[in-house]
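A.B. asks: File name entry_0.cif; file contents mmCIF, C-alpha atoms; full text below.
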data_query
#
loop_
_atom_site.label_atom_id
_atom_site.label_comp_id
_atom_site.auth_asym_id
_atom_site.auth_seq_id
_atom_site.Cartn_x
_atom_site.Cartn_y
_atom_site.Cartn_z
CA MET A 91 125.32 81.68 32.50
CA GLY A 92 126.58 85.09 33.54
CA ILE A 93 126.98 88.71 32.52
CA PHE A 94 130.43 90.05 31.61
CA ILE A 95 131.50 92.92 33.89
CA PRO A 96 133.75 95.39 32.02
CA GLY A 97 137.13 95.95 33.71
CA SER A 98 136.88 92.83 35.85
CA GLY A 99 137.63 90.23 33.21
CA LYS A 100 134.97 88.05 34.86
CA ARG A 101 131.42 86.96 34.30
CA GLU A 102 129.02 87.60 37.15
CA PRO A 103 126.14 85.12 37.74
CA VAL A 104 122.83 86.77 36.86
CA GLU A 105 121.18 86.05 40.23
CA ARG A 106 124.13 87.46 42.19
CA LEU A 107 124.22 90.56 40.00
CA MET A 108 120.49 91.17 40.47
CA LYS A 109 120.91 90.98 44.25
CA LYS A 110 123.59 93.64 44.02
CA ILE A 111 121.48 95.87 41.78
CA THR A 112 118.20 95.50 43.66
CA SER A 113 118.30 96.98 47.13
CA THR A 114 116.48 95.55 50.11
CA MET A 115 115.00 97.47 53.00
CA LYS A 116 117.94 96.32 55.13
CA ASP A 117 120.32 98.07 52.73
CA LEU A 118 118.67 101.45 53.29
CA PRO A 119 120.25 103.80 55.86
CA ALA A 120 118.46 103.66 59.22
CA GLU A 121 117.17 107.22 58.82
CA GLU A 122 115.43 106.24 55.57
CA LEU A 123 113.64 103.13 56.83
CA PRO A 124 109.91 104.02 56.89
CA TYR A 125 109.05 102.13 60.10
CA GLU A 126 111.94 103.59 62.07
CA LYS A 127 111.26 107.02 60.58
CA CYS A 128 107.64 106.83 61.73
CA VAL A 129 108.64 105.88 65.29
CA ARG A 130 111.23 108.66 65.38
CA GLU A 131 109.38 111.52 63.66
CA GLY A 132 105.71 110.53 63.43
CA ALA A 133 103.51 109.17 60.62
CA GLU A 134 102.77 112.64 59.30
CA VAL A 135 106.32 113.03 57.92
CA LEU A 136 106.12 109.88 55.79
CA SER A 137 105.41 110.06 52.08
CA ASP A 138 102.45 108.14 50.65
CA ALA A 139 104.82 105.39 49.46
CA GLU A 140 106.48 105.18 52.88
CA LEU A 141 103.11 104.86 54.62
CA LEU A 142 102.14 102.01 52.29
CA ALA A 143 105.52 100.33 52.83
CA VAL A 144 105.03 100.33 56.62
CA ILE A 145 101.63 98.68 56.23
CA LEU A 146 102.70 96.15 53.59
CA ARG A 147 105.82 95.35 55.66
CA SER A 148 107.49 93.29 52.95
CA GLY A 149 108.09 93.47 49.23
CA SER A 150 108.63 90.57 46.90
CA ARG A 151 111.54 88.84 45.22
CA GLY A 152 113.74 91.50 43.67
CA ILE A 153 111.81 94.49 45.06
CA ASN A 154 111.55 95.89 48.57
CA ALA A 155 108.38 97.19 50.21
CA LEU A 156 109.17 100.85 49.51
CA GLU A 157 109.85 100.27 45.81
CA LEU A 158 106.73 98.12 45.53
CA SER A 159 104.65 100.85 47.17
CA ARG A 160 105.90 103.39 44.63
CA GLU A 161 104.94 101.10 41.77
CA ILE A 162 101.46 100.58 43.26
CA LEU A 163 100.90 104.34 43.50
CA GLU A 164 101.97 104.74 39.86
CA ALA A 165 99.51 102.08 38.69
CA GLY A 166 96.33 104.01 39.50
CA ILE A 167 93.57 104.35 36.89
CA PRO A 168 92.33 106.99 36.02
CA GLU A 169 94.33 108.80 38.71
CA LYS A 170 97.70 107.93 40.18
CA GLY A 171 98.53 108.07 43.88
CA LEU A 172 96.19 107.26 46.73
CA LEU A 173 93.04 108.18 44.78
CA GLY A 174 94.07 105.75 42.09
CA LEU A 175 94.46 103.05 44.73
CA TYR A 176 90.80 103.48 45.63
CA HIS A 177 89.70 102.82 42.03
CA LEU A 178 91.92 99.76 41.42
CA SER A 179 90.16 96.42 41.84
CA ILE A 180 91.74 93.39 43.50
CA PRO A 181 92.36 91.67 40.10
CA GLN A 182 94.00 94.87 38.79
CA LEU A 183 96.20 95.13 41.87
CA ARG A 184 97.27 91.51 41.45
CA GLN A 185 98.57 92.33 37.99
CA ILE A 186 101.28 94.49 39.62
CA LYS A 187 104.46 92.45 39.99
CA GLY A 188 104.99 91.66 43.66
CA VAL A 189 101.31 92.04 44.65
CA GLY A 190 99.53 88.80 45.48
CA GLU A 191 96.06 88.23 46.87
CA VAL A 192 96.99 89.09 50.47
CA LYS A 193 98.61 92.42 49.57
CA ALA A 194 95.77 93.27 47.15
CA VAL A 195 93.20 92.72 49.91
CA GLN A 196 95.31 94.78 52.34
CA LEU A 197 95.45 97.65 49.86
CA LYS A 198 91.68 97.63 49.23
CA CYS A 199 91.04 97.62 52.98
CA ILE A 200 93.42 100.57 53.42
CA ALA A 201 91.55 102.50 50.73
CA GLU A 202 88.17 101.69 52.24
CA LEU A 203 89.30 102.67 55.75
CA SER A 204 90.55 106.03 54.48
CA ARG A 205 87.27 106.59 52.63
CA ARG A 206 85.21 105.82 55.74
CA ILE A 207 87.32 108.07 57.96
CA ALA A 208 86.89 110.95 55.50
CA ARG A 209 83.18 110.23 55.15
CA GLN A 210 82.49 110.16 58.89
CA SER A 211 84.44 113.36 59.41
CA GLY A 212 82.56 115.13 56.62
CA GLU A 213 79.13 113.88 57.65
CA LYS A 214 79.42 115.57 61.04
CA THR A 215 79.45 118.98 59.39
CA LEU A 216 76.74 118.33 56.77
CA ASN A 217 73.59 120.42 56.81
CA PHE A 218 70.87 117.88 56.01
CA LYS A 219 68.36 120.65 55.41
CA ASP A 220 70.39 121.95 52.46
CA ALA A 221 70.13 119.83 49.30
CA SER A 222 73.18 121.42 47.65
CA THR A 223 75.57 120.48 50.47
CA ILE A 224 74.22 116.92 50.54
CA ALA A 225 74.55 116.58 46.76
CA ASP A 226 78.07 118.03 46.79
CA TYR A 227 79.14 115.61 49.52
CA PHE A 228 77.84 112.50 47.74
CA MET A 229 78.68 113.66 44.21
CA GLU A 230 82.07 111.95 43.83
CA GLU A 231 80.80 108.77 45.45
CA LEU A 232 77.77 108.42 43.17
CA ARG A 233 78.41 110.15 39.86
CA HIS A 234 80.95 107.59 38.55
CA LEU A 235 78.74 104.54 39.21
CA GLU A 236 77.67 102.60 36.12
CA GLN A 237 74.42 101.42 37.72
CA GLU A 238 71.76 103.26 39.66
CA GLN A 239 72.20 102.95 43.40
CA MET A 240 70.01 104.39 46.12
CA VAL A 241 71.17 105.59 49.53
CA LEU A 242 68.90 105.99 52.54
CA LEU A 243 69.91 108.66 55.08
CA MET A 244 68.25 108.32 58.48
CA LEU A 245 68.07 111.37 60.74
CA ASP A 246 67.04 112.19 64.31
CA THR A 247 64.73 114.96 65.54
CA LYS A 248 67.50 117.57 65.06
CA CYS A 249 68.28 116.36 61.52
CA ARG A 250 71.54 114.75 62.61
CA LEU A 251 72.63 111.64 60.79
CA LEU A 252 71.89 108.39 62.61
CA ALA A 253 72.90 106.01 59.80
CA ARG A 254 73.18 105.66 56.04
CA GLN A 255 72.69 102.58 53.94
CA PHE A 256 72.72 101.55 50.29
CA ILE A 257 69.35 99.93 49.70
CA SER A 258 69.39 99.04 46.01
CA LYS A 259 71.57 98.43 43.00
CA GLY A 260 70.11 98.55 39.52
CA SER A 261 67.05 100.39 38.27
CA ILE A 262 65.06 102.30 40.87
CA ASN A 263 61.60 100.78 40.77
CA CYS A 264 59.04 99.26 43.06
CA SER A 265 60.08 95.70 42.26
CA VAL A 266 63.59 96.43 43.58
CA ILE A 267 62.77 98.63 46.59
CA SER A 268 59.61 98.55 48.65
CA PRO A 269 58.47 101.25 51.10
CA ARG A 270 58.32 98.48 53.72
CA GLU A 271 62.08 97.86 53.41
CA ILE A 272 62.85 101.56 53.75
CA PHE A 273 60.68 102.14 56.79
CA LEU A 274 61.82 98.96 58.55
CA LEU A 275 65.38 100.27 58.33
CA ALA A 276 64.32 103.72 59.50
CA LEU A 277 62.42 102.28 62.47
CA GLN A 278 65.37 100.09 63.43
CA HIS A 279 67.52 103.22 63.70
CA HIS A 280 64.77 105.25 65.44
CA ALA A 281 64.78 107.77 62.60
CA VAL A 282 62.36 110.68 62.56
CA PHE A 283 63.32 111.97 59.10
CA ILE A 284 64.74 110.28 56.03
CA ILE A 285 66.38 111.48 52.82
CA LEU A 286 66.75 109.41 49.65
CA LEU A 287 69.60 109.84 47.16
CA HIS A 288 70.27 108.02 43.94
CA ASN A 289 72.38 108.53 40.85
CA HIS A 290 71.59 108.64 37.16
CA PRO A 291 74.51 107.01 35.27
CA SER A 292 73.51 108.98 32.16
CA GLY A 293 74.67 112.13 33.96
CA ASP A 294 71.26 113.79 33.59
CA PRO A 295 69.55 114.06 37.00
CA SER A 296 66.11 114.92 35.60
CA PRO A 297 63.55 112.75 37.44
CA SER A 298 61.66 110.14 35.46
CA GLU A 299 57.96 109.47 35.96
CA GLU A 300 59.00 106.35 37.84
CA ASP A 301 61.21 108.46 40.15
CA LYS A 302 58.26 110.78 40.84
CA SER A 303 55.83 107.92 41.46
CA PHE A 304 58.27 106.15 43.78
CA THR A 305 58.95 109.34 45.75
CA LYS A 306 55.23 109.98 46.21
CA ARG A 307 54.72 106.45 47.57
CA ILE A 308 57.55 106.87 50.09
CA SER A 309 56.24 110.28 51.15
CA LEU A 310 52.72 108.94 51.72
CA GLY A 311 54.09 105.91 53.55
CA GLY A 312 56.13 108.16 55.79
CA GLU A 313 53.06 110.12 56.79
CA LEU A 314 51.39 106.88 57.91
CA VAL A 315 54.27 105.69 60.11
CA GLY A 316 55.40 109.11 61.38
CA ILE A 317 58.72 109.25 59.49
CA ARG A 318 58.89 112.25 57.18
CA LEU A 319 60.66 112.13 53.82
CA LEU A 320 62.61 115.40 53.77
CA ASP A 321 63.98 115.12 50.25
CA HIS A 322 64.83 112.87 47.35
CA ILE A 323 68.02 113.99 45.60
CA ILE A 324 69.09 112.66 42.22
CA VAL A 325 72.78 113.03 41.41
CA GLY A 326 74.02 113.41 37.83
CA ASP A 327 77.41 114.38 36.45
CA ARG A 328 78.36 117.41 38.57
CA CYS A 329 74.70 118.38 38.89
CA TYR A 330 71.69 117.33 40.91
CA VAL A 331 67.94 117.64 41.28
CA SER A 332 66.16 118.02 44.61
CA PHE A 333 62.47 117.09 44.85
CA ARG A 334 62.17 119.51 47.74
CA GLU A 335 63.67 122.40 45.78
CA MET A 336 61.39 121.51 42.84
CA LYS A 337 58.42 121.71 45.22
CA ILE A 338 57.50 118.10 44.42
CA LEU A 339 57.70 117.34 48.14
#
Please express the file's structure as C-alpha cells.

C.D. replies:
Amino acid sequence: MGIFIPGSGKREPVERLMKKITSTMKDLPAEELPYEKCVREGAEVLSDAELLAVILRSGSRGINALELSREILEAGIPEKGLLGLYHLSIPQLRQIKGVGEVKAVQLKCIAELSRRIARQSGEKTLNFKDASTIADYFMEELRHLEQEQMVLLMLDTKCRLLARQFISKGSINCSVISPREIFLLALQHHAVFIILLHNHPSGDPSPSEEDKSFTKRISLGGELVGIRLLDHIIVGDRCYVSFREMKIL
C-alpha cells in the first residue's frame, strides 16, 4: 500500500514517505544540533527544548529528540514549559508519544534537580527571623498540596539553616507527629532553634485549636531539651499565619 505522489505518476510506500517527512537529528545542519551547539557556544545559549534534547539524547520512532522535547514542554498542566514539566507525573509523561518509563524518570529527575538547585540557592539568603520571607519562600511549594504536610527547619546558633525535612503527611495531630520525633531530628543535626511550617489545603491559614495545642507542646518540649521553637507558620493560598507574629509564641 502506498500514497500517490502528484506529478510523479508513482505511489510511494507509506514507511518510506514518513522517513522523508520526519527529520532525524542527523538531518539537522551541524550548527543546529543541540549537543554540538552546547560544546561550541555553551549551555546558556540553548533553548529549553534543546537542553532537554541533549539530556534525553534520543527520540523515538518517527520523532527526533528535539521534536520530542518540544512536545514534552507543550504537554505541561496547568503550565506549559519547564514549570509544567515539574507538575507532570510519570504516568502523565508516559502518555506522550515517544516517552517511555526511562525517559519519564529522567524528566522527573531533571525537574527535581532544578527545584533543589533553586531551593538551596534561595535558602542561603533567607532571613529565618522574618516570618514573611519564610512564608513567601515556601508558598509555592506548599499552597498547592492537597494534603497537610509539615516541614521542620533546623537552625544553628546564628539562625542559619542546617537542614529541612518533611515530617508528616496528612492531618497535623499528635497521633501523626510526636515531639520526640521532632527533637530527635533536631538533635541529630545539632540544631539550636527550630521552625515548623505546614499548609492548610483549604487556603485559610487560621490556626485550629489542634494547631495551637500541638505548637504549645513542641514549645514546652523545646524548653526541656534546650532547642527553642522560633515560630510555627501556617501557609494558606497566598497568605500565612505566624504564631510568633500573633504572640502565641

A.B. asks: Give me the stretch 267-296 of chain A side of the contact with stretch 309-315 of chain A, cut-off 10 Å, one line per residue showing its nearest atom pair and distance in Å at one decimal, counting only C-alpha atoms, sorted by chain and residue number, as a Markdown table.

C.D. replies:
| residue | atom | partner | partner_atom | distance |
| --- | --- | --- | --- | --- |
| A:Pro269 | CA | A:Gly311 | CA | 6.8 |
| A:Arg270 | CA | A:Gly311 | CA | 8.6 |
| A:Ile272 | CA | A:Gly312 | CA | 9.6 |
| A:Phe273 | CA | A:Gly312 | CA | 7.6 |
| A:Leu277 | CA | A:Val315 | CA | 9.1 |
| A:Val282 | CA | A:Gly312 | CA | 9.5 |
| A:Phe283 | CA | A:Gly312 | CA | 8.8 |
| A:Ile284 | CA | A:Gly312 | CA | 8.9 |

A.B. asks: In Å to one decimal, how far is atom CA of A:Leu286 from atom CA of A:Ser298?

C.D. replies: 15.1 Å

A.B. asks: Decode the PyMOL selection byres ((chain A and resi 251-254) around 8) for the given file into explicit residues and return them as a VMD selection string.

C.D. replies: chain A and resid 213 to 214 241 to 246 249 to 250 255 to 256 279 281

A.B. asks: Assuming the chain letters and numbering stay as they are in my file, what does the PyMOL selection byres ((chain A and resi 137) around 12) actually select? List them as a list in words.

C.D. replies: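 For this structure, the PyMOL selection byres ((chain A and resi 137) around 12) resolves to Glu122, Leu123, Pro124, Tyr125, Lys127, Cys128, Gly132, Ala133, Glu134, Val135, Leu136, Asp138, Ala139, Glu140, Leu141, Leu142, Ala143, Val144, Leu156, Ser159, Arg160, Leu163, Gly171 and Leu172 of chain A.
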
A.B. asks: With all atoms listed in the file as the counted atoms, please give the residues lying no more than 9 Å from A:Val325, apart from itself and same-chain residues fewer than 2 positions off, as an NGL selection string.

C.D. replies: :A and (225 or 228-229 or 232-233 or 287-291 or 293-295 or 323 or 327-332)
